[in-house]
Amino acid sequence: MVFLKLLENIRCKTDEILDAKNYGSVQFSVESAKPGFGDITCNVPFLLSKQLKKSPQEISAELSKMYNFDDMLEIKNVQSHASGYLNFNIDYTKFNDLVISSSLQENYGALEFGNNEKIVVEHTSVNPNKALHVGHIRNIILGDVVSKILKKANYNVKVLNYVDDSGLQVADIIVGFTELGFSQESPDNQKFDHYCGDTVYVKTTEKYESDKELEGKRHEILKQIEDSSSEVSKIAQTITRKVLDAQLKTVWNLGVFYDCLNFESQIIHSKLWETIFEKLKSDNQIKYEDEGDNAGCWVIPAEGEDDKILVRSNGVATYIAKDIPYAAWKLGLVQDPFHYKIHSTQKNSQTLYETTLEGDNKLNFSGSKVITVIDNRQIRLQKIVSGLMAKFKEEGAYTHLGYESVTLSADTVKSLGLSVDGESAQMSGRKGLYVNADTVLETLTKRVYDESKSRNENLSESELQNIANIVAVGTIRYEMIKPDLDKIITFDLKNSLRLEGDTCSYIQYSYARASRILEKTDVKPNFDSGCELLSSEYEKNLIKKIAMFDVHVNDSVNNLSPKVIAKYSYELAVTFSSFYEHVKVLASETTELLNARLCLVVSFQKTLKASLGLLGIDAPERM
RNA sequence: GGGUUCAUAGCUCAGCAUGGAUAGAGCGAUUGCUUGCGGAGCAAUAGGUCGGGGGUUCGAAUCCCUUUGGGCCCGCCA
């Protein structure tokens, strides 16, 4: 901890002063100041103003005299500003070495407060009947980045992917295979998930329009899928496994990995639902309706809203009855009915497990806290689930991390050969109205490859491929992370190919430039001393930005907000770019200054790499 | 109809949680900067009644109420 510690120390000092003055306790803030107002600022004079019946300026002037920084050499002084703020100035001759040496440490920016507590993050959870589209990508990337940020804050994170292999969407493609005679092999080596989604799913649901008898079959097929002894169930299992494997290839290409896959069909067969149903009944969390519209149903009472039906009058459980046992299982509230077997070894060589009802391999994928990443259209359902979980465990143990959906711009819809009213359209798998994730990644990779090749004549084919991949993946990830969670992303194919301005490639470019500096000198930076020589505005700004990494990690963990790190990465890159332009490192006047600046460049690189790492983005040496 | 969410520069968005100093970026527009560590860059100019109205406060883009306009959700479907 560097900057957080500094803020904390100033806070303590301020508290002591308030104590000595008998001013009581006040909830004041100590935070990084805007440019032109010192380095760190405190608003306590404003908050005391009323109580003391003095102007903030007077209080500020009075308090500023009471600080003593003899035991805190990184702070040069405190100034009472005419506005009333207390503005603290950093002594960079002391601060530089501290920041630069800290940034070299292995886990720079890491925080302790997770205490290695086990936390489960579930994301992706796409029906295995189609390929992943750009909307799913937002979910996957958010989930992945949240899990990385939690790890940075010392949580023991387990990442799960729920595979809904027994829903109507799966039944729809099975209808296509068994009733409409679609081949179970994809033509022309087409990726199997694309074939199922783009052809079988779209064509089958289209046929429902004209063939109502066929539409009736889907429920029949669904029933058979749930009966594990049936022939249809075996076909469904083969098909969904193949689709899932194809989906996982896409996910791995984006640098996302899981610990365990949970199959819905197994949750159904595990009788977990029956267990939790009894528990809900005995705990009086649900009630049986004797009369009214819902007569004969078991319902979850909801405050201020209509009760949610849990079990129909015919005894069949509703959709939400699948989410509840799963949520309870994730929180470890029920005895684990599953065993675990290896599904595969992922691209990063991490083992991926899956649930099974046979065997004897016991592992534990539950956590004392659970974060479920699902888009905001499911917020109502998720509220009911988290409300129930709060009855069994403390409030907040189950968190729904929601976000707005991804829509397609009118231009992009037109490029798919479809029409649209208005400026954007919701994606729809049935209508074929979506852009596949693989397509975006391929298009972007090609674009970056061409760009990189035109700039680097001497790079080998494999180096160019590698750069194209790193930048393309980074670009997709960055665009998904950067906007606020409750902002709709309107995806536009053309716009997503931008590589200038506030983009991932701008950030990565700053890293590559830093590498060039280090490459062009024989001097090996010596970090032992001398960094106090860095005294220009550009150098100090960069050091301060590097120091503030922990502040932003802290912020992003507390608010489960990935975008904070995206913003920080960009700001860090901007600060470096300005330094790069104005301070010619290799033209430094003295060897001492050259050394100090090289240290700063290395420090910047380490920090940017760590920050991008939290976003799952690689930093290329060249591009 | 009920609920929820969004509205900040021509466009796309930060800032809002925890009220405070001069509301920040990118794109687009205009202009300047490469015999110099990579121009995917830097520097600058223009562009804002923070949707409207009211309130709380010494102080509101930020909190509360209201209103307008958009999105999403609201089945004994999944």
# chains A, B, ... in the order shown; residues from 1 in each chain; ligands from 1

$ closest_atom_pairs --of "chain B" --to "chain A" --cutoff "7 Å" --atoms "only C-alpha atoms (C1' of nucleotides)" --output "CSV"
residue,atom,partner,partner_atom,distance
B:A21,C1',A:Ser83,CA,6.3
B:G26,C1',A:Asp502,CA,5.3
B:C37,C1',A:Ile517,CA,4.8
B:G38,C1',A:Arg513,CA,6.5
B:A40,C1',A:Glu500,CA,5.7
B:C42,C1',A:Glu581,CA,5.9
B:C72,C1',A:Arg377,CA,6.2
B:C73,C1',A:Arg377,CA,6.1
B:C76,C1',A:Arg312,CA,4.9
B:A78,C1',A:Leu168,CA,6.0

$ residues_around --residues "B:G32" --least-positions-apart "5" --cutoff "12 Å" --atoms "only C-alpha atoms (C1' of nucleotides)" --output "PDB file with C-alpha atoms (C1' of nucleotides), in the first residue's frame"
ATOM      1  C1'   C B  42       1.685  15.383 -28.039  1.00  0.00           C
ATOM      2  C1'   A B  43       0.065  20.563 -27.518  1.00  0.00           C
ATOM      3  C1'   A B  44      -3.799  24.145 -28.234  1.00  0.00           C
ATOM      4  C1'   U B  45      -8.776  26.576 -29.738  1.00  0.00           C
TER       5        U B  45
END

$ atom_distance --atom1 "atom CA of A:Gln382" --atom2 "atom CA of A:Leu244"
24.6 Å

$ atom_distance --atom1 "atom CA of A:Trp273" --atom2 "atom CA of A:Pro337"
11.2 Å

$ residues_around --residues "A:Glu442" --least-positions-apart "2" --cutoff "12 Å" --atoms "only C-alpha atoms (C1' of nucleotides)" --output "list of chain:residue names"
A:Thr250, A:Asn253, A:Leu254, A:Val435, A:Asn436, A:Ala437, A:Asp438, A:Thr439, A:Val440, A:Leu444, A:Thr445, A:Lys446, A:Arg447, A:Val448, A:Tyr449, A:Gln465, A:Ala468, A:Asn469, A:Val471, A:Ala472, A:Val473, A:Ile476, A:Leu493, A:Leu497

$ write_last_selection --atoms "N, CA, C and O atoms" --output "compact mmCIF listing (two decimals), in the first residue's frame"
# COMPACT_ATOMS: atom_id res chain seq x y z
N THR A 250 -14.48 -20.24 -27.58
CA THR A 250 -14.63 -18.79 -27.71
C THR A 250 -14.19 -18.09 -26.42
O THR A 250 -13.43 -17.12 -26.45
N ASN A 253 -10.53 -18.14 -25.85
CA ASN A 253 -9.86 -17.18 -26.73
C ASN A 253 -9.88 -15.77 -26.16
O ASN A 253 -9.03 -14.94 -26.49
N LEU A 254 -10.88 -15.52 -25.32
CA LEU A 254 -10.96 -14.20 -24.68
C LEU A 254 -10.19 -14.17 -23.36
O LEU A 254 -10.22 -13.18 -22.64
N VAL A 435 -24.78 -10.53 -33.20
CA VAL A 435 -23.46 -10.63 -33.81
C VAL A 435 -22.65 -11.60 -32.97
O VAL A 435 -22.49 -11.41 -31.75
N ASN A 436 -22.18 -12.67 -33.57
CA ASN A 436 -21.44 -13.68 -32.84
C ASN A 436 -20.09 -13.15 -32.34
O ASN A 436 -19.42 -12.39 -33.02
N ALA A 437 -19.73 -13.58 -31.15
CA ALA A 437 -18.48 -13.15 -30.54
C ALA A 437 -17.28 -13.54 -31.40
O ALA A 437 -16.35 -12.74 -31.57
N ASP A 438 -17.30 -14.73 -31.95
CA ASP A 438 -16.18 -15.18 -32.79
C ASP A 438 -15.99 -14.25 -33.98
O ASP A 438 -14.86 -13.95 -34.38
N THR A 439 -17.12 -13.81 -34.56
CA THR A 439 -17.05 -12.92 -35.72
C THR A 439 -16.37 -11.60 -35.36
O THR A 439 -15.51 -11.11 -36.10
N VAL A 440 -16.76 -11.05 -34.23
CA VAL A 440 -16.17 -9.78 -33.80
C VAL A 440 -14.67 -9.95 -33.58
O VAL A 440 -13.86 -9.14 -34.04
N LEU A 444 -11.80 -8.03 -35.78
CA LEU A 444 -10.90 -7.13 -35.07
C LEU A 444 -9.45 -7.59 -35.19
O LEU A 444 -8.54 -6.78 -35.39
N THR A 445 -9.24 -8.88 -35.08
CA THR A 445 -7.89 -9.42 -35.19
C THR A 445 -7.29 -9.10 -36.55
O THR A 445 -6.13 -8.67 -36.66
N LYS A 446 -8.09 -9.26 -37.57
CA LYS A 446 -7.64 -8.96 -38.93
C LYS A 446 -7.25 -7.49 -39.07
O LYS A 446 -6.22 -7.12 -39.63
N ARG A 447 -8.11 -6.64 -38.52
CA ARG A 447 -7.89 -5.20 -38.58
C ARG A 447 -6.58 -4.82 -37.88
O ARG A 447 -5.79 -4.03 -38.39
N VAL A 448 -6.34 -5.37 -36.70
CA VAL A 448 -5.14 -5.06 -35.95
C VAL A 448 -3.91 -5.62 -36.66
O VAL A 448 -2.86 -4.98 -36.73
N TYR A 449 -4.08 -6.81 -37.21
CA TYR A 449 -2.97 -7.45 -37.93
C TYR A 449 -2.50 -6.55 -39.06
O TYR A 449 -1.30 -6.28 -39.22
N GLN A 465 0.79 -12.16 -35.48
CA GLN A 465 -0.42 -12.86 -35.03
C GLN A 465 -0.64 -12.65 -33.54
O GLN A 465 -1.76 -12.40 -33.08
N ALA A 468 -1.75 -9.10 -32.87
CA ALA A 468 -3.13 -8.93 -33.32
C ALA A 468 -4.09 -9.52 -32.29
O ALA A 468 -5.12 -8.93 -31.96
N ASN A 469 -3.72 -10.68 -31.77
CA ASN A 469 -4.58 -11.33 -30.80
C ASN A 469 -4.66 -10.55 -29.48
O ASN A 469 -5.75 -10.31 -28.95
N VAL A 471 -4.08 -7.37 -28.91
CA VAL A 471 -4.76 -6.08 -29.06
C VAL A 471 -6.26 -6.28 -29.30
O VAL A 471 -7.09 -5.57 -28.73
N ALA A 472 -6.60 -7.27 -30.11
CA ALA A 472 -8.02 -7.50 -30.41
C ALA A 472 -8.78 -7.92 -29.15
O ALA A 472 -9.84 -7.38 -28.85
N VAL A 473 -8.24 -8.88 -28.43
CA VAL A 473 -8.89 -9.32 -27.19
C VAL A 473 -8.98 -8.16 -26.21
O VAL A 473 -10.03 -7.91 -25.59
N ILE A 476 -11.81 -5.65 -27.22
CA ILE A 476 -13.17 -6.12 -26.88
C ILE A 476 -13.40 -6.00 -25.38
O ILE A 476 -14.42 -5.49 -24.93
N LEU A 493 -20.50 -2.45 -35.22
CA LEU A 493 -19.37 -3.20 -35.76
C LEU A 493 -18.24 -2.27 -36.19
O LEU A 493 -17.07 -2.47 -35.86
N LEU A 497 -14.13 -1.05 -34.17
CA LEU A 497 -12.81 -1.27 -34.77
C LEU A 497 -11.87 -0.09 -34.54
O LEU A 497 -10.73 -0.10 -34.98

$ residues_around --residues "B:C50" --least-positions-apart "4" --cutoff "9 Å" --atoms "only C-alpha atoms (C1' of nucleotides)" --output "list in words"
U8, A23 and A61 of chain B

$ write_last_selection --atoms "N, CA, C and O atoms (P, O5', C5', C4', C3', O3' and C1' of nucleotides)" --output "compact mmCIF listing (two decimals), in the first residue's frame"
# COMPACT_ATOMS: atom_id res chain seq x y z
P U B 8 -27.54 13.52 -21.83
O5' U B 8 -26.81 14.36 -20.69
C5' U B 8 -27.23 15.69 -20.42
C4' U B 8 -26.08 16.49 -19.91
C3' U B 8 -24.87 16.55 -20.84
O3' U B 8 -25.03 17.55 -21.84
C1' U B 8 -24.13 15.99 -18.69
P A B 23 -16.37 24.96 -13.77
O5' A B 23 -16.21 23.40 -14.09
C5' A B 23 -15.84 22.48 -13.09
C4' A B 23 -16.19 21.08 -13.52
C3' A B 23 -15.82 20.76 -14.97
O3' A B 23 -14.49 20.30 -15.02
C1' A B 23 -18.05 20.08 -14.54
P A B 61 -24.95 22.20 -9.41
O5' A B 61 -25.00 21.03 -10.48
C5' A B 61 -26.23 20.71 -11.12
C4' A B 61 -26.22 19.28 -11.59
C3' A B 61 -26.34 18.25 -10.46
O3' A B 61 -27.69 17.98 -10.19
C1' A B 61 -24.51 17.71 -11.86

$ closest_residue --among "B:G20, B:G36, B:G51, B:G28" --to "B:G70" --atoms "only C-alpha atoms (C1' of nucleotides)"
B:G51

$ closest_residue --among "A:Lys152, A:Lys21, A:His343, A:Arg430" --to "A:Asn554" --atoms "only C-alpha atoms"
A:Lys152

$ closest_residue --among "B:A25, B:C13, B:G53, B:G47" --to "B:U67" --atoms "only C-alpha atoms (C1' of nucleotides)"
B:G53

$ select_by_dssp --residues "stretch 86-276 of chain A" --states "alpha helix (DSSP H)" --output "PyMOL selection string"
chain A and resi 92-103+134-152+168-178+192-194+202-210+212-226+231-253+264-269+272-276

$ atom_distance --atom1 "atom CA of A:Lys341" --atom2 "atom CA of A:Thr372"
23.2 Å
